[in-house]
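Below is one structure; the comments refer to it alone.
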Amino acid sequence: MAVERALRTAAPHELPDVVGQLLGRHYAADSVDLLMADYGLTVLQPVTELPHTLPPVSVHNTPAGRAFGAQEPFVEGNLGDGSVRAHLPISVRGDRLGVLSVTLPGGDHARDCLPELAELAELAEVLGHEVLVAERDTDLYLRARRKDRLTLAAEMQWQLLPGRSCSRSEFDLGAQLEPAYAIHGDNFDWSATADHLTLYVSNGMGEGIEASLLTNLAVNALRNARRAGIPLADQAALADQAVYAHYRGRSHMSVLMFDFELTTGRARVVDAGSPQTLRLRDGVVERIAFDAQLPLGMFEETDYIEQDFRIEPGDRLLFVSDGVYAVASPKGEAYGDAALARAIQHTRLLPAAEVPRAVLRELTGHRGTPTPDDDALVVCLDWRGR
């Protein structure tokens, strides 16, 4: 309670210093580093003022990266002077933010502190909540999330997203966009209540700022309708009207919309465009086809119809944009359903939060180039139900 109170009363930019002082006082910590995961989920960037004075830490094959990936504390011992270093994952309701790395002195004190690893892990969780609140009032943590400069379009898109992962007793969600520092029109959005999960997967027409402006308009129109308690098909119709009123049919946005009932697994679906759905059930991957309807904003006053769909406990759904399934290899071969099915099988043991990044890595191998020509979006939903 004392630690939580100190973090809540600290100035937004002082959280790293305050947590360092607290751990030094109560655990005799020699050093404390707050590391934030970058937008591409490739490095953990130390939180410092610009220019960053400490090098980033890879999320692959490093102790801090191991803690981040497994979402479990990892203790690194025998550092040469007898000290130990504890790496504690920082996440908020399943959204993985980074790692808190704490160096403890050697000898008996280190042995006494290690059994209290759960306390340190809880402190890291409290810190994560405070970081999210502090981001409203300072750019310090948002700057640490980027290892390169974002394009303006990417800046707008990342600010529009709800997070990169979410976890509840009924489901786990994970999502990732590539190229992370230059995304254009692909987007995802979700919202959960006591009984429902609403999920949108969208693909905006165009490139750069124009695509980002279109997506911002459409997603906010969908949110506005959803927050008014309007049914899914009417959400699509109102967003369609908003986009058409502005662009008069010159631009449109594809969107796949779901409204899941958490108690039954029954879902309402509106498929208005290009994102596709694949399901892993009992070890078998299959593509789920819905009745295709017009993208938002293509014509004036389009009516949309909801379809019924049911998801069962143990199901994994993968939602992908055309920047994934339509990507061509150097020989001109499309990625397609077969390659996607293999990627889903290869990642079946990973948690939902890690699946999108793993699938996108396999896509990079197929594409043959590190940077895609189009946005690539993967969203993974693991369903447990009640």
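Every chain in the structure tokens has a letter given in the order shown (A, B, ...), and although residue numbers restart at 1 in each chain, ligands are simply numbered from 1 in the order shown.
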
Find the residues near Ala154 (chain A): any atom within 9 Å, counting only C-alpha atoms, skip ones fewer than 4 places away on the same chain, and give them as a VMD selection string. chain A and resid 150 158 to 159 180 to 185 208 to 209 212

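Distances here use only C-alpha atoms; by that measure, the residue among A:Val327, A:Val43, A:Met253, A:Ala358 closest to Arg146 (chain A) is A:Val43.
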
Leaving out region 331-334 of chain A and any residue of its chain fewer than 4 positions from it, which residues lie within 12 Å of it when counting only C-alpha atoms, given as a list of chain:residue names?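 Non-adjacent residues within range: A:Asp322, A:Gly323, A:Val324, A:Tyr325, A:Ala326, A:Val327, A:Ala338, A:Ala339, A:Leu340, A:Leu363, A:His366, A:Arg367, A:Gly368.
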
Take the residues from that selection and put them in a file with N, CA and C atoms, as a PDB file, in the first residue's frame.
ATOM      1  N   ASP A 322      -5.647  -8.109 -46.073  1.00  0.00           N
ATOM      2  CA  ASP A 322      -5.136  -8.552 -47.370  1.00  0.00           C
ATOM      3  C   ASP A 322      -3.633  -8.365 -47.485  1.00  0.00           C
ATOM      4  N   GLY A 323      -3.054  -7.565 -46.596  1.00  0.00           N
ATOM      5  CA  GLY A 323      -1.604  -7.433 -46.561  1.00  0.00           C
ATOM      6  C   GLY A 323      -0.911  -8.662 -46.037  1.00  0.00           C
ATOM      7  N   VAL A 324      -1.690  -9.662 -45.594  1.00  0.00           N
ATOM      8  CA  VAL A 324      -1.136 -10.939 -45.156  1.00  0.00           C
ATOM      9  C   VAL A 324      -1.411 -12.021 -46.200  1.00  0.00           C
ATOM     10  N   TYR A 325      -2.668 -12.313 -46.475  1.00  0.00           N
ATOM     11  CA  TYR A 325      -2.980 -13.468 -47.322  1.00  0.00           C
ATOM     12  C   TYR A 325      -2.707 -13.216 -48.800  1.00  0.00           C
ATOM     13  N   ALA A 326      -2.612 -11.937 -49.206  1.00  0.00           N
ATOM     14  CA  ALA A 326      -2.374 -11.654 -50.623  1.00  0.00           C
ATOM     15  C   ALA A 326      -0.920 -11.327 -50.936  1.00  0.00           C
ATOM     16  N   VAL A 327      -0.030 -11.375 -49.937  1.00  0.00           N
ATOM     17  CA  VAL A 327       1.370 -11.026 -50.171  1.00  0.00           C
ATOM     18  C   VAL A 327       2.024 -12.055 -51.090  1.00  0.00           C
ATOM     19  N   ALA A 338      -3.098 -21.964 -47.554  1.00  0.00           N
ATOM     20  CA  ALA A 338      -2.243 -23.083 -47.158  1.00  0.00           C
ATOM     21  C   ALA A 338      -1.103 -22.608 -46.263  1.00  0.00           C
ATOM     22  N   ALA A 339      -0.437 -21.529 -46.658  1.00  0.00           N
ATOM     23  CA  ALA A 339       0.661 -21.001 -45.845  1.00  0.00           C
ATOM     24  C   ALA A 339       0.149 -20.464 -44.518  1.00  0.00           C
ATOM     25  N   LEU A 340      -1.019 -19.805 -44.537  1.00  0.00           N
ATOM     26  CA  LEU A 340      -1.598 -19.323 -43.286  1.00  0.00           C
ATOM     27  C   LEU A 340      -1.932 -20.474 -42.349  1.00  0.00           C
ATOM     28  N   LEU A 363       5.564 -14.602 -42.332  1.00  0.00           N
ATOM     29  CA  LEU A 363       5.198 -13.877 -43.546  1.00  0.00           C
ATOM     30  C   LEU A 363       6.413 -13.173 -44.145  1.00  0.00           C
ATOM     31  N   HIS A 366       8.302 -15.553 -46.257  1.00  0.00           N
ATOM     32  CA  HIS A 366       7.643 -15.797 -47.543  1.00  0.00           C
ATOM     33  C   HIS A 366       7.863 -14.622 -48.492  1.00  0.00           C
ATOM     34  N   ARG A 367       7.762 -13.413 -47.960  1.00  0.00           N
ATOM     35  CA  ARG A 367       7.875 -12.212 -48.781  1.00  0.00           C
ATOM     36  C   ARG A 367       9.289 -12.035 -49.312  1.00  0.00           C
ATOM     37  N   GLY A 368      10.283 -12.420 -48.507  1.00  0.00           N
ATOM     38  CA  GLY A 368      11.669 -12.314 -48.934  1.00  0.00           C
ATOM     39  C   GLY A 368      12.293 -10.959 -48.704  1.00  0.00           C
TER      40      GLY A 368
END

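Computed from the coordinates, the CA of Asp186 (chain A) to CA of Asp375 (chain A) distance equals 6.2 Å.
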
Who sits within 12 Å of Met1 (chain A), only C-alpha atoms, same chain under 3 positions skipped, as an NGL selection string: :A and (4-8 or 119 or 122-123 or 126)

Same residues, N, CA and C atoms, saved as an mmCIF file, in the first residue's frame:
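Written file, again.cif:
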data_model
loop_
_atom_site.group_PDB
_atom_site.id
_atom_site.type_symbol
_atom_site.label_atom_id
_atom_site.label_comp_id
_atom_site.auth_asym_id
_atom_site.auth_seq_id
_atom_site.Cartn_x
_atom_site.Cartn_y
_atom_site.Cartn_z
ATOM 1 N N GLU A 4 2.212 1.680 -3.547
ATOM 2 C CA GLU A 4 1.156 2.120 -4.451
ATOM 3 C C GLU A 4 0.817 3.582 -4.213
ATOM 4 N N ARG A 5 0.766 3.979 -2.952
ATOM 5 C CA ARG A 5 0.453 5.369 -2.630
ATOM 6 C C ARG A 5 1.544 6.304 -3.160
ATOM 7 N N ALA A 6 2.800 5.888 -3.021
ATOM 8 C CA ALA A 6 3.903 6.724 -3.496
ATOM 9 C C ALA A 6 3.876 6.878 -5.013
ATOM 10 N N LEU A 7 3.551 5.790 -5.729
ATOM 11 C CA LEU A 7 3.496 5.870 -7.183
ATOM 12 C C LEU A 7 2.319 6.735 -7.647
ATOM 13 N N ARG A 8 1.186 6.623 -6.948
ATOM 14 C CA ARG A 8 0.013 7.403 -7.352
ATOM 15 C C ARG A 8 0.197 8.896 -7.122
ATOM 16 N N GLU A 119 6.146 -10.236 -4.498
ATOM 17 C CA GLU A 119 5.920 -8.843 -4.122
ATOM 18 C C GLU A 119 6.462 -7.901 -5.193
ATOM 19 N N GLU A 122 4.200 -7.915 -8.146
ATOM 20 C CA GLU A 122 2.989 -7.130 -7.896
ATOM 21 C C GLU A 122 3.281 -5.640 -8.008
ATOM 22 N N LEU A 123 4.462 -5.231 -7.540
ATOM 23 C CA LEU A 123 4.852 -3.833 -7.662
ATOM 24 C C LEU A 123 4.969 -3.441 -9.138
ATOM 25 N N VAL A 126 1.507 -2.796 -10.469
ATOM 26 C CA VAL A 126 1.022 -1.481 -10.041
ATOM 27 C C VAL A 126 1.677 -0.386 -10.879
#

How many Å lie between CA of Phe68 (chain A) and CA of Leu278 (chain A), rounded to one decimal?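 Taking CA of Phe68 (chain A) as the start and CA of Leu278 (chain A) as the end point, the length is 27.1 Å.
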
Please identify all polymer residues within 10 Å of Leu15 (chain A), counting only C-alpha atoms, omitting same-chain residues fewer than 6 positions from it, and present them as a ChimeraX atom specification. /A:6-9,21,34,127,130-131,134

Restricting the output to N, CA and C atoms, write the selected residues as an mmCIF file, in the first residue's frame.
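Result file follows (selection.cif):
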data_model
loop_
_atom_site.group_PDB
_atom_site.id
_atom_site.type_symbol
_atom_site.label_atom_id
_atom_site.label_comp_id
_atom_site.auth_asym_id
_atom_site.auth_seq_id
_atom_site.Cartn_x
_atom_site.Cartn_y
_atom_site.Cartn_z
ATOM 1 N N ALA A 6 2.800 5.888 -3.021
ATOM 2 C CA ALA A 6 3.903 6.724 -3.496
ATOM 3 C C ALA A 6 3.876 6.878 -5.013
ATOM 4 N N LEU A 7 3.551 5.790 -5.729
ATOM 5 C CA LEU A 7 3.496 5.870 -7.183
ATOM 6 C C LEU A 7 2.319 6.735 -7.647
ATOM 7 N N ARG A 8 1.186 6.623 -6.948
ATOM 8 C CA ARG A 8 0.013 7.403 -7.352
ATOM 9 C C ARG A 8 0.197 8.896 -7.122
ATOM 10 N N THR A 9 0.995 9.266 -6.141
ATOM 11 C CA THR A 9 1.192 10.683 -5.841
ATOM 12 C C THR A 9 2.392 11.266 -6.563
ATOM 13 N N GLN A 21 13.786 4.554 -6.094
ATOM 14 C CA GLN A 21 14.011 4.911 -4.690
ATOM 15 C C GLN A 21 13.322 3.927 -3.743
ATOM 16 N N LEU A 34 13.425 0.738 -16.047
ATOM 17 C CA LEU A 34 12.099 0.538 -16.623
ATOM 18 C C LEU A 34 12.258 0.472 -18.135
ATOM 19 N N LEU A 127 2.977 -0.537 -11.134
ATOM 20 C CA LEU A 127 3.691 0.446 -11.947
ATOM 21 C C LEU A 127 3.087 0.536 -13.344
ATOM 22 N N GLU A 130 0.075 2.712 -13.383
ATOM 23 C CA GLU A 130 0.422 4.123 -13.235
ATOM 24 C C GLU A 130 1.051 4.685 -14.515
ATOM 25 N N VAL A 131 1.786 3.858 -15.247
ATOM 26 C CA VAL A 131 2.365 4.303 -16.515
ATOM 27 C C VAL A 131 1.259 4.653 -17.506
ATOM 28 N N ALA A 134 -0.154 7.896 -16.481
ATOM 29 C CA ALA A 134 0.806 8.983 -16.680
ATOM 30 C C ALA A 134 0.937 9.377 -18.143
#

Would you kindly return, as a PyMOL selection string, each protein, DNA or RNA residue with an atom no farther than 9 Å from any atom of Val359 (chain A), considering only C-alpha atoms and excluding same-chain residues fewer than 5 positions away? chain A and resi 340+343-344+346-347+354+364+378

Can you tell me which residues surround His246 (chain A) at a distance of at most 10 Å, considering only C-alpha atoms, apart from same-chain residues fewer than 6 positions away, and format the answer as a ChimeraX atom specification? /A:214,217,297
